[in-house]
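Novice: The structure file model-v9.json (JSON, C-alpha atoms) is provided below.
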[["chain", "number", "residue", "atom", "x", "y", "z"],
["A", 5, "MET", "CA", 92.33, -99.06, -29.20],
["A", 6, "SER", "CA", 89.89, -96.94, -31.17],
["A", 7, "ASP", "CA", 89.93, -93.16, -31.04],
["A", 8, "ALA", "CA", 86.15, -92.95, -30.90],
["A", 9, "PRO", "CA", 84.90, -90.37, -28.39],
["A", 10, "LYS", "CA", 84.54, -91.99, -25.00],
["A", 11, "GLU", "CA", 81.28, -92.07, -23.17],
["A", 12, "ILE", "CA", 81.45, -90.59, -19.68],
["A", 13, "VAL", "CA", 78.87, -91.67, -17.12],
["A", 14, "LYS", "CA", 78.11, -88.84, -14.68],
["A", 15, "ARG", "CA", 76.07, -90.57, -11.98],
["A", 16, "ILE", "CA", 75.38, -94.06, -10.74],
["A", 17, "GLU", "CA", 72.61, -95.24, -8.43],
["A", 18, "THR", "CA", 73.85, -96.75, -5.20],
["A", 19, "PRO", "CA", 70.78, -97.44, -3.08],
["A", 20, "ILE", "CA", 71.33, -98.69, 0.43],
["A", 21, "HIS", "CA", 68.55, -100.96, 1.58],
["A", 22, "LEU", "CA", 68.28, -102.36, 5.08],
["A", 23, "THR", "CA", 65.57, -104.76, 6.21],
["A", 24, "PHE", "CA", 65.44, -105.46, 9.89],
["A", 25, "GLN", "CA", 63.20, -105.97, 12.88],
["A", 26, "PHE", "CA", 62.62, -102.85, 14.92],
["A", 27, "THR", "CA", 62.04, -103.16, 18.68],
["A", 28, "PRO", "CA", 61.04, -99.83, 20.20],
["A", 29, "GLY", "CA", 61.65, -101.00, 23.77],
["A", 30, "VAL", "CA", 59.32, -101.25, 26.74],
["A", 31, "GLY", "CA", 58.73, -97.51, 27.25],
["A", 32, "ALA", "CA", 57.93, -96.68, 23.65],
["A", 33, "SER", "CA", 55.81, -99.84, 23.37],
["A", 34, "ARG", "CA", 53.54, -98.58, 26.16],
["A", 35, "PHE", "CA", 53.26, -95.28, 24.29],
["A", 36, "LEU", "CA", 52.45, -97.03, 20.99],
["A", 37, "ARG", "CA", 49.79, -99.22, 22.61],
["A", 38, "GLY", "CA", 48.21, -96.00, 23.88],
["A", 39, "ILE", "CA", 48.31, -94.54, 20.35],
["A", 40, "ALA", "CA", 46.51, -97.67, 19.06],
["A", 41, "GLU", "CA", 43.72, -96.80, 21.53],
["A", 42, "GLY", "CA", 43.62, -93.16, 20.44],
["A", 43, "ARG", "CA", 45.36, -91.65, 23.47],
["A", 44, "ILE", "CA", 48.76, -90.13, 24.07],
["A", 45, "LEU", "CA", 50.62, -91.62, 26.98],
["A", 46, "GLY", "CA", 53.58, -90.01, 28.75],
["A", 47, "LEU", "CA", 55.90, -91.72, 31.19],
["A", 48, "ARG", "CA", 57.19, -89.92, 34.29],
["A", 49, "CYS", "CA", 60.75, -90.04, 35.56],
["A", 50, "THR", "CA", 60.85, -91.65, 39.01],
["A", 51, "GLN", "CA", 63.48, -89.11, 40.09],
["A", 52, "CYS", "CA", 62.83, -85.67, 38.56],
["A", 53, "ALA", "CA", 59.13, -86.25, 37.75],
["A", 54, "LYS", "CA", 59.48, -84.95, 34.21],
["A", 55, "VAL", "CA", 57.01, -86.43, 31.73],
["A", 56, "TYR", "CA", 58.28, -87.70, 28.37],
["A", 57, "VAL", "CA", 56.34, -88.20, 25.13],
["A", 58, "SER", "CA", 57.21, -90.43, 23.35],
["A", 59, "PRO", "CA", 58.95, -92.15, 26.26],
["A", 60, "ARG", "CA", 62.17, -94.11, 25.92],
["A", 61, "GLY", "CA", 62.03, -96.03, 29.19],
["A", 62, "SER", "CA", 64.55, -93.90, 31.04],
["A", 63, "CYS", "CA", 65.04, -90.22, 31.73],
["A", 64, "PRO", "CA", 67.68, -88.66, 29.45],
["A", 65, "LYS", "CA", 68.59, -86.23, 32.26],
["A", 66, "CYS", "CA", 68.67, -88.45, 35.38],
["A", 67, "GLY", "CA", 69.07, -91.88, 33.83],
["A", 68, "ALA", "CA", 66.30, -93.06, 36.16],
["A", 69, "PRO", "CA", 63.54, -95.31, 34.77],
["A", 70, "THR", "CA", 60.33, -93.70, 33.55],
["A", 71, "LEU", "CA", 57.75, -96.06, 35.00],
["A", 72, "ASP", "CA", 54.60, -94.15, 35.91],
["A", 73, "GLU", "CA", 52.05, -93.30, 33.31],
["A", 74, "ALA", "CA", 51.15, -89.63, 33.08],
["A", 75, "LYS", "CA", 48.15, -88.17, 31.37],
["A", 76, "VAL", "CA", 49.06, -86.07, 28.36],
["A", 77, "THR", "CA", 46.43, -84.46, 26.17],
["A", 78, "ASP", "CA", 46.44, -84.37, 22.39],
["A", 79, "ARG", "CA", 46.63, -80.57, 22.51],
["A", 80, "GLY", "CA", 49.76, -78.56, 22.72],
["A", 81, "THR", "CA", 51.83, -75.56, 21.70],
["A", 82, "ILE", "CA", 54.12, -75.13, 18.70],
["A", 83, "THR", "CA", 57.58, -74.24, 20.06],
["A", 84, "SER", "CA", 59.39, -74.20, 16.71],
["A", 85, "PHE", "CA", 58.69, -75.17, 13.12],
["A", 86, "SER", "CA", 59.99, -75.47, 9.57],
["A", 87, "ILE", "CA", 58.14, -74.92, 6.32],
["A", 88, "VAL", "CA", 58.99, -77.81, 4.01],
["A", 89, "ARG", "CA", 58.98, -76.82, 0.33],
["A", 90, "VAL", "CA", 61.35, -79.46, -1.05],
["A", 91, "PRO", "CA", 60.01, -82.90, -1.98],
["A", 92, "SER", "CA", 61.61, -86.00, -0.52],
["A", 93, "GLU", "CA", 61.32, -89.57, -1.70],
["A", 94, "GLY", "CA", 59.10, -91.54, 0.66],
["A", 95, "ILE", "CA", 57.24, -88.47, 1.98],
["A", 96, "ASP", "CA", 53.99, -88.02, 0.10],
["A", 97, "ILE", "CA", 52.58, -85.03, 1.98],
["A", 98, "GLU", "CA", 51.39, -82.24, -0.30],
["A", 99, "LEU", "CA", 53.87, -79.32, -0.43],
["A", 100, "PRO", "CA", 54.39, -76.94, 1.20],
["A", 101, "PHE", "CA", 53.73, -78.27, 4.70],
["A", 102, "VAL", "CA", 54.86, -77.39, 8.19],
["A", 103, "CYS", "CA", 56.83, -79.73, 10.43],
["A", 104, "ALA", "CA", 56.62, -78.48, 14.01],
["A", 105, "SER", "CA", 58.07, -79.22, 17.40],
["A", 106, "ILE", "CA", 55.02, -79.53, 19.66],
["A", 107, "LEU", "CA", 54.92, -79.30, 23.46],
["A", 108, "LEU", "CA", 51.84, -81.28, 24.49],
["A", 109, "ASP", "CA", 49.93, -80.14, 27.58],
["A", 110, "GLY", "CA", 51.23, -82.24, 30.46],
["A", 111, "ALA", "CA", 54.53, -83.16, 28.80],
["A", 112, "ASP", "CA", 58.02, -81.87, 29.52],
["A", 113, "ASN", "CA", 59.50, -82.54, 26.10],
["A", 114, "THR", "CA", 58.48, -81.83, 22.55],
["A", 115, "PHE", "CA", 57.90, -84.10, 19.61],
["A", 116, "TYR", "CA", 57.58, -83.54, 15.89],
["A", 117, "HIS", "CA", 54.49, -83.72, 13.75],
["A", 118, "VAL", "CA", 52.94, -82.13, 10.69],
["A", 119, "ILE", "CA", 50.70, -79.05, 10.96],
["A", 120, "ARG", "CA", 47.84, -78.76, 8.46],
["A", 121, "GLU", "CA", 44.48, -77.04, 7.95],
["A", 122, "VAL", "CA", 46.19, -73.64, 8.13],
["A", 123, "PRO", "CA", 48.15, -71.64, 5.53],
["A", 124, "VAL", "CA", 51.86, -72.28, 6.15],
["A", 125, "GLU", "CA", 52.57, -68.55, 6.49],
["A", 126, "ASP", "CA", 50.11, -68.31, 9.40],
["A", 127, "VAL", "CA", 51.92, -70.91, 11.52],
["A", 128, "ARG", "CA", 53.82, -69.34, 14.42],
["A", 129, "MET", "CA", 55.62, -70.14, 17.65],
["A", 130, "GLY", "CA", 53.15, -70.35, 20.51],
["A", 131, "MET", "CA", 50.27, -71.39, 18.26],
["A", 132, "ARG", "CA", 47.89, -73.81, 19.99],
["A", 133, "VAL", "CA", 47.26, -77.04, 18.07],
["A", 134, "GLU", "CA", 45.42, -80.33, 18.49],
["A", 135, "ALA", "CA", 45.78, -83.80, 17.01],
["A", 136, "VAL", "CA", 43.61, -84.92, 14.10],
["A", 137, "TRP", "CA", 43.32, -88.69, 14.44],
["A", 138, "VAL", "CA", 42.51, -91.26, 11.80],
["A", 139, "PRO", "CA", 39.01, -92.82, 12.17],
["A", 140, "ARG", "CA", 38.73, -95.08, 15.23],
["A", 141, "GLU", "CA", 38.77, -98.30, 13.15],
["A", 142, "GLU", "CA", 42.04, -97.30, 11.46],
["A", 143, "LEU", "CA", 43.97, -96.71, 14.70],
["A", 144, "ARG", "CA", 47.15, -98.71, 15.01],
["A", 145, "ALA", "CA", 50.39, -98.64, 16.98],
["A", 146, "SER", "CA", 52.04, -95.98, 14.83],
["A", 147, "LEU", "CA", 52.39, -92.21, 14.92],
["A", 148, "GLU", "CA", 50.58, -92.30, 11.56],
["A", 149, "SER", "CA", 47.44, -92.81, 13.65],
["A", 150, "ILE", "CA", 47.66, -89.05, 14.11],
["A", 151, "ARG", "CA", 47.13, -87.59, 10.65],
["A", 152, "HIS", "CA", 48.42, -84.18, 11.60],
["A", 153, "PHE", "CA", 47.87, -81.36, 14.05],
["A", 154, "LYS", "CA", 45.64, -78.37, 13.35],
["A", 155, "PRO", "CA", 45.14, -75.02, 15.10],
["A", 156, "THR", "CA", 42.63, -75.06, 17.98],
["A", 157, "GLY", "CA", 41.77, -71.38, 17.60],
["A", 158, "GLU", "CA", 42.75, -70.68, 21.21],
["A", 159, "PRO", "CA", 44.87, -67.59, 21.95],
["A", 160, "ASP", "CA", 48.62, -68.22, 21.52],
["A", 161, "ALA", "CA", 50.47, -69.57, 24.53],
["A", 162, "PRO", "CA", 52.70, -67.00, 26.27],
["A", 163, "PHE", "CA", 56.38, -67.31, 25.38],
["A", 164, "ASP", "CA", 57.34, -68.05, 29.01],
["A", 165, "SER", "CA", 55.20, -71.21, 28.93],
["A", 166, "TYR", "CA", 57.44, -72.89, 26.34],
["A", 167, "LYS", "CA", 60.72, -70.96, 26.39],
["A", 168, "GLU", "CA", 62.46, -73.93, 28.08],
["A", 169, "HIS", "CA", 61.66, -76.10, 25.08],
["A", 170, "LEU", "CA", 63.20, -74.31, 22.12],
["B", 253, "MET", "CA", 52.51, -106.14, 16.16],
["B", 254, "THR", "CA", 53.26, -107.53, 19.60],
["B", 255, "ARG", "CA", 54.95, -110.69, 20.68],
["B", 256, "SER", "CA", 52.46, -113.40, 21.48],
["B", 257, "SER", "CA", 53.07, -113.18, 25.26],
["B", 258, "GLY", "CA", 50.64, -110.26, 25.64],
["B", 259, "VAL", "CA", 52.49, -109.16, 28.80],
["B", 260, "GLY", "CA", 51.98, -105.41, 29.31],
["B", 261, "ALA", "CA", 55.66, -104.74, 29.84],
["B", 262, "ALA", "CA", 56.85, -106.59, 26.74],
["B", 263, "SER", "CA", 58.37, -104.69, 23.90],
["B", 264, "MET", "CA", 56.63, -104.62, 20.56],
["B", 265, "TRP", "CA", 58.40, -105.27, 17.33],
["B", 266, "ALA", "CA", 57.76, -104.56, 13.68],
["B", 267, "PRO", "CA", 59.46, -105.22, 10.37],
["B", 268, "TYR", "CA", 61.41, -102.16, 9.30],
["B", 269, "ASP", "CA", 62.51, -101.30, 5.78],
["B", 270, "LEU", "CA", 65.01, -98.53, 5.39],
["B", 271, "GLU", "CA", 66.20, -97.31, 2.02],
["B", 272, "TYR", "CA", 68.47, -94.45, 1.05],
["B", 273, "PRO", "CA", 67.98, -93.98, -2.71],
["B", 274, "TYR", "CA", 71.43, -92.43, -3.23],
["B", 275, "LYS", "CA", 72.69, -91.25, -6.58],
["B", 276, "ARG", "CA", 76.40, -90.63, -6.70],
["B", 277, "SER", "CA", 78.51, -88.42, -8.95],
["B", 278, "VAL", "CA", 81.40, -90.56, -10.06],
["B", 279, "GLY", "CA", 83.81, -88.00, -11.55],
["B", 280, "PRO", "CA", 85.61, -88.15, -14.90],
["B", 281, "VAL", "CA", 87.84, -91.19, -14.24],
["B", 282, "LEU", "CA", 85.27, -93.65, -12.91],
["B", 283, "GLY", "CA", 82.78, -92.00, -15.28],
["B", 284, "ARG", "CA", 84.85, -93.18, -18.21],
["B", 285, "PHE", "CA", 85.18, -96.67, -16.66],
["B", 286, "PHE", "CA", 81.38, -96.91, -16.27],
["B", 287, "GLY", "CA", 80.90, -95.45, -19.76],
["B", 288, "GLY", "CA", 83.14, -98.25, -21.01],
["B", 289, "LEU", "CA", 81.01, -100.87, -19.26],
["B", 290, "LYS", "CA", 77.93, -99.42, -20.95],
["B", 291, "ASN", "CA", 79.66, -100.18, -24.27],
["B", 292, "ARG", "CA", 80.86, -103.59, -22.99],
["B", 293, "ARG", "CA", 84.49, -102.60, -22.65],
["B", 294, "PHE", "CA", 86.87, -102.38, -19.70],
["B", 295, "GLU", "CA", 88.77, -99.08, -19.58],
["B", 296, "ALA", "CA", 91.98, -98.94, -17.53],
["B", 297, "VAL", "CA", 94.59, -96.28, -16.75],
["B", 298, "ARG", "CA", 98.37, -96.42, -16.99],
["B", 299, "ALA", "CA", 100.18, -95.53, -13.77],
["B", 300, "SER", "CA", 103.59, -93.80, -13.57],
["B", 301, "ASP", "CA", 105.37, -97.10, -12.85],
["B", 302, "GLY", "CA", 103.93, -98.63, -16.01],
["B", 303, "ARG", "CA", 101.22, -100.70, -14.34],
["B", 304, "VAL", "CA", 97.81, -100.84, -15.98],
["B", 305, "ILE", "CA", 95.10, -100.43, -13.33],
["B", 306, "CYS", "CA", 91.47, -101.52, -13.66],
["B", 307, "PRO", "CA", 89.19, -100.31, -12.19],
["B", 308, "PRO", "CA", 90.97, -96.99, -12.67],
["B", 309, "PRO", "CA", 91.97, -94.86, -9.67],
["B", 310, "GLU", "CA", 91.91, -91.06, -9.82],
["B", 311, "ALA", "CA", 95.39, -90.70, -8.35],
["B", 312, "ASP", "CA", 98.65, -92.49, -9.07],
["B", 313, "PRO", "CA", 99.21, -95.03, -6.26],
["B", 314, "VAL", "CA", 102.94, -94.13, -6.08],
["B", 315, "THR", "CA", 103.25, -90.42, -6.91],
["B", 316, "GLY", "CA", 99.73, -89.21, -6.12],
["B", 317, "GLU", "CA", 99.55, -87.44, -9.51],
["B", 318, "ALA", "CA", 96.17, -87.26, -11.23],
["B", 319, "LEU", "CA", 95.56, -90.19, -13.60],
["B", 320, "GLY", "CA", 93.22, -90.63, -16.51],
["B", 321, "GLY", "CA", 94.34, -87.70, -18.63],
["B", 322, "GLU", "CA", 94.57, -87.67, -22.40],
["B", 323, "GLY", "CA", 96.61, -90.64, -23.60],
["B", 324, "GLY", "CA", 96.61, -92.28, -20.18],
["B", 325, "TRP", "CA", 93.98, -94.84, -21.02],
["B", 326, "THR", "CA", 94.02, -98.34, -22.42],
["B", 327, "GLU", "CA", 91.51, -101.13, -22.82],
["B", 328, "VAL", "CA", 91.85, -104.44, -20.95],
["B", 329, "GLY", "CA", 89.98, -107.74, -20.92],
["B", 330, "PRO", "CA", 87.35, -108.80, -21.55],
["B", 331, "GLY", "CA", 88.76, -112.17, -20.42],
["B", 332, "GLY", "CA", 90.91, -112.58, -17.36],
["B", 333, "VAL", "CA", 92.33, -114.82, -14.64],
["B", 334, "VAL", "CA", 90.95, -115.46, -11.16],
["B", 335, "THR", "CA", 93.70, -114.54, -8.69],
["B", 336, "SER", "CA", 91.71, -115.22, -5.51],
["B", 337, "TRP", "CA", 88.16, -116.15, -4.61],
["B", 338, "SER", "CA", 85.72, -116.86, -1.80],
["B", 339, "TRP", "CA", 82.74, -119.18, -2.14],
["B", 340, "VAL", "CA", 79.29, -117.96, -1.01],
["B", 341, "PRO", "CA", 77.16, -121.06, -0.35],
["B", 342, "SER", "CA", 74.06, -119.16, 0.82],
["B", 343, "PRO", "CA", 73.50, -115.89, -1.04],
["B", 344, "ARG", "CA", 71.77, -113.05, 0.77],
["B", 345, "PRO", "CA", 68.73, -111.38, -0.85],
["B", 346, "LYS", "CA", 70.79, -108.45, -2.17],
["B", 347, "HIS", "CA", 73.61, -110.56, -3.59],
["B", 348, "PRO", "CA", 74.04, -110.39, -7.37],
["B", 349, "LEU", "CA", 73.17, -114.05, -7.90],
["B", 350, "GLN", "CA", 70.46, -115.97, -6.09],
["B", 351, "LYS", "CA", 72.39, -119.24, -6.12],
["B", 352, "PRO", "CA", 75.78, -120.22, -4.69],
["B", 353, "PHE", "CA", 78.56, -118.17, -6.33],
["B", 354, "ALA", "CA", 82.09, -116.88, -5.77],
["B", 355, "TRP", "CA", 83.37, -113.41, -5.04],
["B", 356, "ALA", "CA", 86.61, -113.27, -6.98],
["B", 357, "LEU", "CA", 89.53, -111.03, -7.77],
["B", 358, "ILE", "CA", 89.88, -111.09, -11.55],
["B", 359, "GLN", "CA", 92.96, -109.81, -13.35],
["B", 360, "LEU", "CA", 91.73, -108.84, -16.78],
["B", 361, "ASP", "CA", 94.02, -109.51, -19.75],
["B", 362, "GLY", "CA", 96.45, -106.61, -20.05],
["B", 363, "ALA", "CA", 95.83, -105.33, -16.51],
["B", 364, "SER", "CA", 98.37, -105.39, -13.68],
["B", 365, "THR", "CA", 95.76, -105.37, -10.94],
["B", 366, "ALA", "CA", 92.58, -107.29, -10.19],
["B", 367, "LEU", "CA", 88.90, -106.33, -10.21],
["B", 368, "LEU", "CA", 86.49, -107.64, -7.58],
["B", 369, "HIS", "CA", 83.51, -109.31, -9.17],
["B", 370, "VAL", "CA", 81.27, -112.36, -9.18],
["B", 371, "VAL", "CA", 81.94, -115.76, -10.74],
["B", 372, "ASP", "CA", 78.99, -117.97, -11.59],
["B", 373, "ALA", "CA", 80.36, -121.50, -11.27],
["B", 374, "SER", "CA", 78.58, -124.83, -11.02],
["B", 375, "GLY", "CA", 80.01, -125.34, -7.54],
["B", 376, "GLU", "CA", 82.91, -124.64, -5.22],
["B", 377, "SER", "CA", 84.86, -127.50, -6.81],
["B", 378, "ALA", "CA", 84.63, -125.74, -10.18],
["B", 379, "MET", "CA", 86.50, -122.74, -8.79],
["B", 380, "LYS", "CA", 90.27, -122.60, -9.09],
["B", 381, "THR", "CA", 92.82, -119.85, -8.65],
["B", 382, "GLY", "CA", 94.27, -119.25, -12.10],
["B", 383, "MET", "CA", 91.10, -120.24, -13.97],
["B", 384, "ARG", "CA", 90.21, -118.25, -17.09],
["B", 385, "VAL", "CA", 86.94, -116.32, -16.99],
["B", 386, "ALA", "CA", 85.00, -113.98, -19.27],
["B", 387, "PRO", "CA", 82.21, -111.49, -18.52],
["B", 388, "ARG", "CA", 78.54, -112.21, -19.02],
["B", 389, "TRP", "CA", 76.97, -108.84, -19.87],
["B", 390, "ARG", "CA", 73.41, -107.98, -19.06],
["B", 391, "ASP", "CA", 71.12, -107.33, -22.01],
["B", 392, "ALA", "CA", 70.54, -103.63, -21.45],
["B", 393, "THR", "CA", 73.70, -101.97, -20.14],
["B", 394, "VAL", "CA", 73.35, -98.63, -18.34],
["B", 395, "GLY", "CA", 76.90, -97.69, -17.27],
["B", 396, "ASP", "CA", 77.12, -99.44, -13.90],
["B", 397, "ILE", "CA", 79.25, -102.24, -12.45],
["B", 398, "ARG", "CA", 76.15, -104.47, -12.62],
["B", 399, "ASP", "CA", 76.35, -104.27, -16.43],
["B", 400, "VAL", "CA", 78.59, -107.28, -15.90],
["B", 401, "GLU", "CA", 76.15, -109.79, -14.44],
["B", 402, "CYS", "CA", 79.03, -112.02, -13.49],
["B", 403, "PHE", "CA", 82.08, -113.75, -14.93],
["B", 404, "VAL", "CA", 81.88, -117.32, -16.20],
["B", 405, "THR", "CA", 84.40, -119.91, -17.28],
["B", 406, "GLU", "CA", 85.82, -118.73, -20.58],
["B", 407, "GLY", "CA", 84.08, -120.35, -23.54],
["B", 408, "THR", "CA", 80.72, -120.67, -21.77],
["B", 409, "ARG", "CA", 77.92, -118.18, -21.45]]
Go through the file and emit its structure as structure tokens.

Specialist:
Amino acid sequence: MSDAPKEIVKRIETPIHLTFQFTPGVGASRFLRGIAEGRILGLRCTQCAKVYVSPRGSCPKCGAPTLDEAKVTDRGTITSFSIVRVPSEGIDIELPFVCASILLDGADNTFYHVIREVPVEDVRMGMRVEAVWVPREELRASLESIRHFKPTGEPDAPFDSYKEHL
Amino acid sequence: MTRSSGVGAASMWAPYDLEYPYKRSVGPVLGRFFGGLKNRRFEAVRASDGRVICPPPEADPVTGEALGGEGGWTEVGPGGVVTSWSWVPSPRPKHPLQKPFAWALIQLDGASTALLHVVDASGESAMKTGMRVAPRWRDATVGDIRDVECFVTEGTR
């Protein structure tokens, strides 16, 4: 065997790639059909009456089905947020951006979306925001139909109004 | 996309592609093995009981001592013997060959243990435990197990 210096590889690429068919279930399908029409649909628990967005078909607290549609607006309150400054493969949003947990008016749970049209350092808990939708003809059954949320300019929501959702 | 039924209560479905583009640090022992592949060689380590192991482990299988130190290396192959195999009649999209092939354990010449790899054979009947095989290298090696496209019957390409 030769005494030539040996080459040492430091890293290898080991991508994991899964291709499958995703079925969101009946509850989330109702929500997504609403999104394709430009409205946000919540489903109400038949037992505790809490309203979930996006709904999963049953209440995570009671286990009861969430059957009744509840009106939820596309405005809400930021309950918590992160400023994202690190790029990620597959996310082509200009850095830095804010990812926030948003409590929509009429809902009893929060969901995540991107906050834009405001300097990241001005984003705060309690800030009132509204959805910015894609043009009507581009609506489809995906959360990408909402481009992002932006501040409404309303006064901040009082802490007590969202303290249960942190 | 919805199922064709159009029933309000039906669940939707959509194709879903998920990829984790992982890069992995391999450490000095496997790093040298992969570096060997880049140069079309199989590097193996000598264990405390005298066995020659390829692909090389970081720890001695008997004593647990670190392996792959100075003087602990040797070269094996490139030819070898199929010690066991399993025929794949219908390759999946991510399989290394897009035609029927065999997964095989291949004991490279000089090694005491076998390496799991692919054998490109004309058919299941061409596979035999004990058959001699040799690697078919890809044109541009990068230091990865896929630098060996597959093994083929010795004397063919």

Novice: Within 9 Å of Glu41 of chain A, counting only C-alpha atoms, which residues qualify if same-chain residues fewer than 2 places away don't, as a list of chain:residue names?

Specialist: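 What passes the distance filter is A:Leu36, A:Arg37, A:Gly38, A:Ile39, A:Arg43, A:Ile44, A:Arg140, A:Leu143, A:Arg144, A:Ala145.
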
Novice: Please identify all polymer residues within 7 Å of segment 393-401 of chain B, counting only C-alpha atoms, omitting same-chain residues fewer than 6 positions from it, and present them as a list in words.

Specialist: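 Contacts, with the query itself left out: Val13 and Ile16 of chain A; Phe286, Gly287, Leu289, Lys290 and Pro387 of chain B.
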
Novice: What does the structure give for the distance between atom CA of Trp137 of chain A and atom CA of Ala104 of chain A, in Å to one decimal?

Specialist: 16.8 Å

Novice: Which of these residues is nearest to chain A, using only C-alpha atoms: B:Thr326, B:Pro341, B:Pro308, B:Arg303?

Specialist: B:Thr326

Novice: One number please: atom CA of Leu45 of chain A to atom CA of Leu170 of chain A, in Å, one decimal.

Specialist: 21.9 Å

Novice: Please determine the residues with any atom at most 12 Å from (55.0, -79.9, 28.2) (coordinates as given in the file, with all atoms listed in the file counting) and report them as a count of residues only.

Specialist: 35

Novice: Tell me, as a PyMOL selection string, which residues lie within 9 Å of Ile20 of chain A, counting all atoms listed in the file; anything in the same chain fewer than 2 positions away does not count.

Specialist: (chain A and resi 18+22) or (chain B and resi 270-274)

Novice: Atom CA of Asp160 of chain A and atom CA of Gly42 of chain A are how many Å apart?

Specialist: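 Interatomic distance here is 25.5 Å.
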
Novice: Out of B:Val304, B:Ala311, B:Val328, B:Val385, which residue has the shortest atom-to-atom distance to chain A when counting all atoms listed in the file?

Specialist: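 Going through B:Val304, B:Ala311, B:Val328, B:Val385 one by one, the smallest distance to chain A is for B:Val328.
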
Novice: Would you mind listing what lies within 12 Å of Ala354 of chain B as JSON, numbers by chain, with only C-alpha atoms counted and same-chain residues fewer than 4 positions away left out?

Specialist: {"B": [334, 336, 337, 338, 339, 340, 341, 342, 343, 347, 348, 349, 350, 358, 368, 369, 370, 371, 372, 373, 374, 375, 376, 377, 378, 379, 380, 381, 402, 403, 404]}

Novice: Point out the residue among B:Gly407, B:Pro330, B:Pro313, B:Pro345 with the least atom-to-atom distance to chain A, counting only C-alpha atoms.

Specialist: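 Smallest separation from chain A among the options: B:Pro345.
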
Novice: With only C-alpha atoms considered, list every residue of chain A at most 12 Å from chain B, as number ranges by chain.

Specialist: A: 5-38, 40, 60-61, 71, 92-94, 144-146

Novice: Write out as a PDB file with C-alpha atoms, keeping the file's coordinate frame the residues lying within 6 Å of Asp361 of chain B, counting all atoms listed in the file and excluding same-chain residues fewer than 5 positions away.

Specialist:
ATOM      1  CA  VAL B 328      91.850-104.440 -20.950  1.00  0.00           C
ATOM      2  CA  GLY B 329      89.980-107.740 -20.920  1.00  0.00           C
ATOM      3  CA  GLY B 331      88.760-112.170 -20.420  1.00  0.00           C
ATOM      4  CA  GLY B 332      90.910-112.580 -17.360  1.00  0.00           C
TER       5      GLY B 332
END

Novice: Edge lengths and centre in Å to one decimal, as lines of an AutoDock Vina configuration file, of the axis-aligned box that encloses all listed atoms of segment 114-120 of chain A with 3 Å added on every side?

Specialist:
center_x = 53.2
center_y = -81.4
center_z = 15.5
size_x = 16.6
size_y = 11.3
size_z = 20.1
